[in-house]
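J.: I am attaching a structure below and will ask some questions about it afterwards.
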Amino acid sequence: MHVIAVANQKGGTAKTTTAAAVGLLLARAGRRVHLVDMDPQASLTHAFGRRDAEGRLFAALADGRGLPVERLGERFTISPSDITLSRGETEFISKPGREHCLRRALAATPLADDALVIVDCPPSLGVLAVNCLTAARQILLVVQPGGFELQALVHFEQTVALLREWVNPHLSVAGAVLTNCHSRRSITEQVAGEVARVYPLLGTVRMDAQLLYATTAGNMLALRKSKALDDYDGVRINLEKRLSWPNRPLPESPASWAG
Ligand SMILES: Nc1ncnc2c1ncn2[C@@H]1O[C@H](COP(=O)(O)OP(=O)(O)OP(=O)(O)O)[C@@H](O)[C@H]1O
Ligand SMILES: [Mg+2]
């Protein structure tokens with residue numbers, strides 16, 4: 001399996017929306033995709049109309065057991081989260097090998113060899129986020145055009161450098177996505193220019209009420225067409241080019257891949 005963390009320690013940059021849209025589009029394009037909701041806010045879980053009332057994700061991480069896997073489509077699954085996961089932030093701190101809880105639990109999860117695992121990171125650089133970046137091979141960085149973004153990226157880059165040095169030497173940034181963009185604002189171009197100097201810019205995504213409604217109503221699976229989804233398809237294509245993961249031949253029947 002190949003693990004991609006959708007990350008930025010800054011809150012509200014559209015990490016979850018990006019994980020949902022890119023995951024859905026990759027599954028619709030024929031990839032086998034598994035989503036992991038590593039945020040106790042459980043927004044990714046809600047975007048697909050699911051819930052994990054029993055704290056199964058937290059228990060699996062704490063005990064090193066396989067993650068819960070729920071089916072969203074024939075080739076599309078999710079490990080749902082809930083608020084219980086917030087206990088990880090304090091309880092894993094004193095655990096030996098605390099960075100490796102997710103990596104160990106993923107290894108015990110019965111996922112297909114060709115599964116692409118997309119992990120939605122929480123907005124912090126705490127234990128849960130570090131677990132995501134320890135389990136991941138690549139990072140999809142999600143940036144919103146704004147005044148404090150570039151400072152946040154400096155901190156993020158420092159954390160990635162430390163993780164590379166101490167726990168995950170192969171961790172790399174596949175690229176960045178600029179989200180919630182307003183084409184007529186000069187800050188969009190400025191931030192896009194700055195980000196593109198450091199990371200491959202995989203695309204810019206427009207503001208879109210349809211996508212906002214689909215995620216907040218838990219209807220993501222039903223969303224077929226919207227302007228942000230079109231933008232995310234460009235991101236999906238660019239991401240596929242940069243995946244350090246082989247392309248598999250597409251299976252026969254596209255209709256039910258992504259539910
Ligand atoms: N392209 C878009 N158009 C309109 N609204 C969007 C778009 N992308 C994200 N949003 C909205 O912006 C808000 C923040 O998005 P989201 O929850 O995906 O960010 P996040 O980075 O995961 O937040 P957190 O850091 O809290 O986990 C949400 O209300 C979401 O619906
Ligand atoms: Mg989120």
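We label chains A, B, ... in the order they appear in the structure tokens, count residues from 1 in each chain, and number ligands from 1 in the order shown.
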Residues at most 10 Å from Leu102 of chain A, counting only C-alpha atoms, excluding those fewer than 2 positions away in the same chain, as an MDAnalysis selection string?
T.: chainID A and resid 36 38 57:58 60:62 64:67 98:100 104:108 128 130:136
J.: Would you mind exporting C-alpha atoms of the selected residues as a CSV table (one decimal), in the first residue's frame?
T.:
```csv
chain,number,residue,atom,x,y,z
A,36,VAL,CA,-8.3,7.3,7.1
A,38,MET,CA,-7.1,10.9,11.7
A,57,LEU,CA,-10.2,4.0,15.4
A,58,PHE,CA,-8.8,5.1,18.7
A,60,ALA,CA,-7.2,0.2,17.0
A,61,LEU,CA,-4.4,2.8,17.3
A,62,ALA,CA,-4.0,2.2,21.0
A,64,GLY,CA,-1.9,-1.9,17.4
A,65,ARG,CA,-4.9,-3.7,15.9
A,66,GLY,CA,-6.2,-3.3,12.3
A,67,LEU,CA,-8.2,-0.1,11.6
A,98,ARG,CA,4.2,6.7,20.1
A,99,GLU,CA,4.9,8.0,16.5
A,100,HIS,CA,4.3,4.5,15.1
A,104,ARG,CA,1.5,-0.4,13.0
A,105,ALA,CA,-2.3,-0.4,12.8
A,106,LEU,CA,-2.2,0.1,9.0
A,107,ALA,CA,0.2,-2.9,8.7
A,108,ALA,CA,-2.4,-5.0,10.6
A,128,LEU,CA,-1.8,12.4,15.9
A,130,VAL,CA,3.1,13.1,13.7
A,131,ASN,CA,1.6,9.6,13.4
A,132,CYS,CA,0.1,10.6,10.0
A,133,LEU,CA,3.5,11.9,8.8
A,134,THR,CA,5.3,8.8,10.2
A,135,ALA,CA,3.0,6.4,8.3
A,136,ALA,CA,3.1,8.4,5.1
```
J.: Throw together the list of residues within 12 Å of ligand 2, counting only C-alpha atoms and all ligand atoms, and drop it here as a VMD selection string.
T.: chain A and resid 5 to 20 36 to 47 81 119 to 124 129 142 215 to 216
J.: Those residues with C-alpha atoms, as a CSV table (one decimal), in the first residue's frame please?
T.:
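Final output, out.csv:
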```csv
chain,number,residue,atom,x,y,z
A,5,ALA,CA,-1.0,12.4,4.2
A,6,VAL,CA,-3.1,15.4,3.4
A,7,ALA,CA,-1.6,17.9,5.7
A,8,ASN,CA,-1.0,21.4,7.0
A,9,GLN,CA,-0.8,22.2,10.7
A,10,LYS,CA,-2.8,25.4,10.0
A,11,GLY,CA,-6.6,25.0,10.6
A,12,GLY,CA,-9.3,25.4,8.0
A,13,THR,CA,-7.2,25.2,4.8
A,14,ALA,CA,-9.5,22.6,3.2
A,15,LYS,CA,-7.4,19.5,4.1
A,16,THR,CA,-10.5,17.4,4.7
A,17,THR,CA,-12.3,18.7,1.6
A,18,THR,CA,-9.2,17.9,-0.4
A,19,ALA,CA,-8.9,14.4,1.0
A,20,ALA,CA,-12.6,13.7,0.3
A,36,VAL,CA,-8.3,7.3,7.1
A,37,ASP,CA,-9.8,10.1,9.2
A,38,MET,CA,-7.1,10.9,11.7
A,39,ASP,CA,-8.9,14.0,13.0
A,40,PRO,CA,-11.1,13.7,16.1
A,41,GLN,CA,-13.4,16.4,14.5
A,42,ALA,CA,-14.3,13.5,12.1
A,43,SER,CA,-15.2,15.9,9.3
A,44,LEU,CA,-14.0,13.4,6.6
A,45,THR,CA,-16.2,10.7,8.2
A,46,HIS,CA,-19.2,13.1,8.1
A,47,ALA,CA,-18.5,14.2,4.5
A,81,SER,CA,-13.2,8.6,13.3
A,119,VAL,CA,-4.9,10.1,5.5
A,120,ASP,CA,-6.7,13.3,6.6
A,121,CYS,CA,-4.4,15.0,9.2
A,122,PRO,CA,-5.7,17.1,12.1
A,123,PRO,CA,-4.7,20.8,12.2
A,124,SER,CA,-1.8,20.5,14.6
A,129,ALA,CA,-0.4,14.5,13.1
A,142,VAL,CA,-3.1,22.0,1.3
A,215,THR,CA,-19.4,17.8,2.5
A,216,THR,CA,-21.4,19.4,5.2
```
J.: Taking 4 positions as the minimum chain separation for residues in the same chain, which residues sit within 6 Å of Met1 of chain A when counting only C-alpha atoms? Answer as a list in words.
T.: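 Near Met1 of chain A, the qualifying residues are Asp113, Asp114, Ala115 and Leu116 of chain A.
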J.: Using the selection just defined, write its residues with N, CA and C atoms as a compact mmCIF listing (two decimals), in the first residue's frame.
T.:
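Contents of again.txt, as written:
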```txt
# COMPACT_ATOMS: atom_id res chain seq x y z
N ASP A 113 -2.89 -4.93 -1.66
CA ASP A 113 -1.52 -4.46 -1.90
C ASP A 113 -1.49 -3.17 -2.72
N ASP A 114 -2.46 -3.02 -3.63
CA ASP A 114 -2.44 -1.86 -4.52
C ASP A 114 -3.26 -0.69 -3.97
N ALA A 115 -3.64 -0.76 -2.68
CA ALA A 115 -4.47 0.32 -2.11
C ALA A 115 -3.66 1.61 -1.94
N LEU A 116 -4.30 2.69 -2.30
CA LEU A 116 -3.74 4.01 -2.06
C LEU A 116 -4.45 4.53 -0.81
```
J.: Smallest atom-to-atom distance to ligand 1: which of A:Thr204, A:Ser226, A:Thr179, A:Gln190, using only C-alpha atoms and all ligand atoms?
T.: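 With only C-alpha atoms and all ligand atoms as the atom set, the closest residue is A:Thr179.
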J.: Which value, in Å to one decimal, gives the distance between atom 20 (P, counted along the ligand's line) of ligand 1 and atom CA of Arg75 of chain A?
T.: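 Calculated distance between atom 20 (P, counted along the ligand's line) of ligand 1 and atom CA of Arg75 of chain A is 24.8 Å.
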J.: To test your reading of the structure, identify every residue in segment 31-208 of chain A that backbone DSSP assigns to strand (DSSP E), and report it as number ranges by chain.
T.: A: 33-37, 70-73, 76-79, 116-120, 138-143, 172-181, 201-206
J.: Show which residues sit within 8 Å of Phe48 of chain A, as a count of residues only. Count only C-alpha atoms, and ignore same-chain residues fewer than 6 positions away.
T.: 6
J.: Check the smallest atom-to-atom distance from each of A:Gly97, A:Gly203, A:Leu85, A:Asp63 to Cys181 of chain A using only C-alpha atoms, then report the winner.
T.: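 The shortest atom-to-atom distance to Cys181 of chain A comes from A:Gly203.
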J.: Could you please write out, as number ranges by chain, every residue of segment 15-199 of chain A that DSSP assigns to helix (DSSP H, G or I)?
T.: A: 15-28, 43-47, 56-63, 83-91, 98-107, 127-135, 149-166, 186-198
J.: Considering only C-alpha atoms, can you say which of A:Leu111, A:Val177, A:Leu229, A:Ile83 comes closest to Leu140 of chain A?
T.: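 For Leu140 of chain A, the nearest of the candidates is A:Val177.
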J.: As a VMD selection string, please: the residues near Arg242 of chain A (cut-off 10 Å, only C-alpha atoms, same-chain neighbours under 2 positions excluded).
T.: chain A and resid 138 173 to 175 200 202 236 to 240 244 to 245
J.: Could those selected residues go to a file with C-alpha atoms, as an mmCIF file, in the first residue's frame?
T.:
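Below is the file that was written, again_27.cif:
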```cif
data_model
loop_
_atom_site.group_PDB
_atom_site.id
_atom_site.type_symbol
_atom_site.label_atom_id
_atom_site.label_comp_id
_atom_site.auth_asym_id
_atom_site.auth_seq_id
_atom_site.Cartn_x
_atom_site.Cartn_y
_atom_site.Cartn_z
ATOM 1 C CA GLN A 138 4.203 11.307 0.529
ATOM 2 C CA VAL A 173 6.091 16.258 -0.477
ATOM 3 C CA ALA A 174 4.222 15.133 -3.616
ATOM 4 C CA GLY A 175 2.977 18.678 -4.105
ATOM 5 C CA PRO A 200 5.221 21.326 -7.237
ATOM 6 C CA LEU A 202 -0.656 20.523 -8.363
ATOM 7 C CA ARG A 236 -5.869 14.308 -9.132
ATOM 8 C CA ILE A 237 -4.216 13.995 -12.566
ATOM 9 C CA ASN A 238 -1.120 15.924 -11.458
ATOM 10 C CA LEU A 239 -0.914 13.935 -8.229
ATOM 11 C CA GLU A 240 -1.055 10.642 -10.135
ATOM 12 C CA SER A 244 5.878 7.082 -6.290
ATOM 13 C CA TRP A 245 3.505 4.178 -6.809
#
```
J.: Compare A:Glu74, A:Asp208, A:Asp230, A:Glu91 by their minimum atom-to-atom distance to ligand 1, counting only C-alpha atoms and all ligand atoms, and give me the closest one.
T.: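 Ranked by minimum distance to ligand 1, first place goes to A:Asp208.
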J.: I want to know what sits within 12 Å of Val154 of chain A, based on only C-alpha atoms, with residues of the same chain fewer than 2 positions away left out; could you give that as number ranges by chain?
T.: A: 8-10, 148-152, 156-161, 194-195, 198
J.: Measuring between only C-alpha atoms and all ligand atoms, which one of A:His2, A:Arg224, A:His182, A:Lys241 shows the shortest distance to ligand 1?
T.: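 Closest to ligand 1, using only C-alpha atoms and all ligand atoms: A:His182.
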J.: Skip Val33 of chain A itself and residues of its chain fewer than 4 positions away, then list as a JSON list (two decimals) with C-alpha atoms, in the first residue's frame all residues within 9 Å of it, counting only C-alpha atoms.
T.:
```
[["chain", "number", "residue", "atom", "x", "y", "z"],
["A", 23, "GLY", "CA", -9.93, 10.32, -2.77],
["A", 24, "LEU", "CA", -13.32, 10.16, -4.48],
["A", 26, "LEU", "CA", -9.02, 8.68, -7.64],
["A", 27, "ALA", "CA", -11.53, 5.92, -6.85],
["A", 75, "ARG", "CA", -12.90, 0.02, -4.63],
["A", 76, "PHE", "CA", -13.39, 2.74, -2.03],
["A", 77, "THR", "CA", -13.27, 2.37, 1.79],
["A", 78, "ILE", "CA", -12.87, 4.50, 4.92],
["A", 114, "ASP", "CA", -2.44, -1.86, -4.52],
["A", 115, "ALA", "CA", -4.47, 0.32, -2.11],
["A", 116, "LEU", "CA", -3.74, 4.01, -2.06],
["A", 117, "VAL", "CA", -4.27, 5.18, 1.53],
["A", 118, "ILE", "CA", -5.23, 8.84, 1.95],
["A", 258, "ALA", "CA", -16.56, 4.74, -6.11]]
```
J.: Using only C-alpha atoms, pick whichever of A:Pro80, A:Gly88, A:Pro110, A:Gly30 has the shortest atom-to-atom distance to Glu54 of chain A.
T.: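 So, comparing all the options, the nearest one is A:Pro80.
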J.: What is the atom 30 (C, counted along the ligand's line) of ligand 1-atom CA of Gln210 of chain A distance in Å, reported with one decimal?
T.: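 Distance reported for this atom pair: 10.5 Å.
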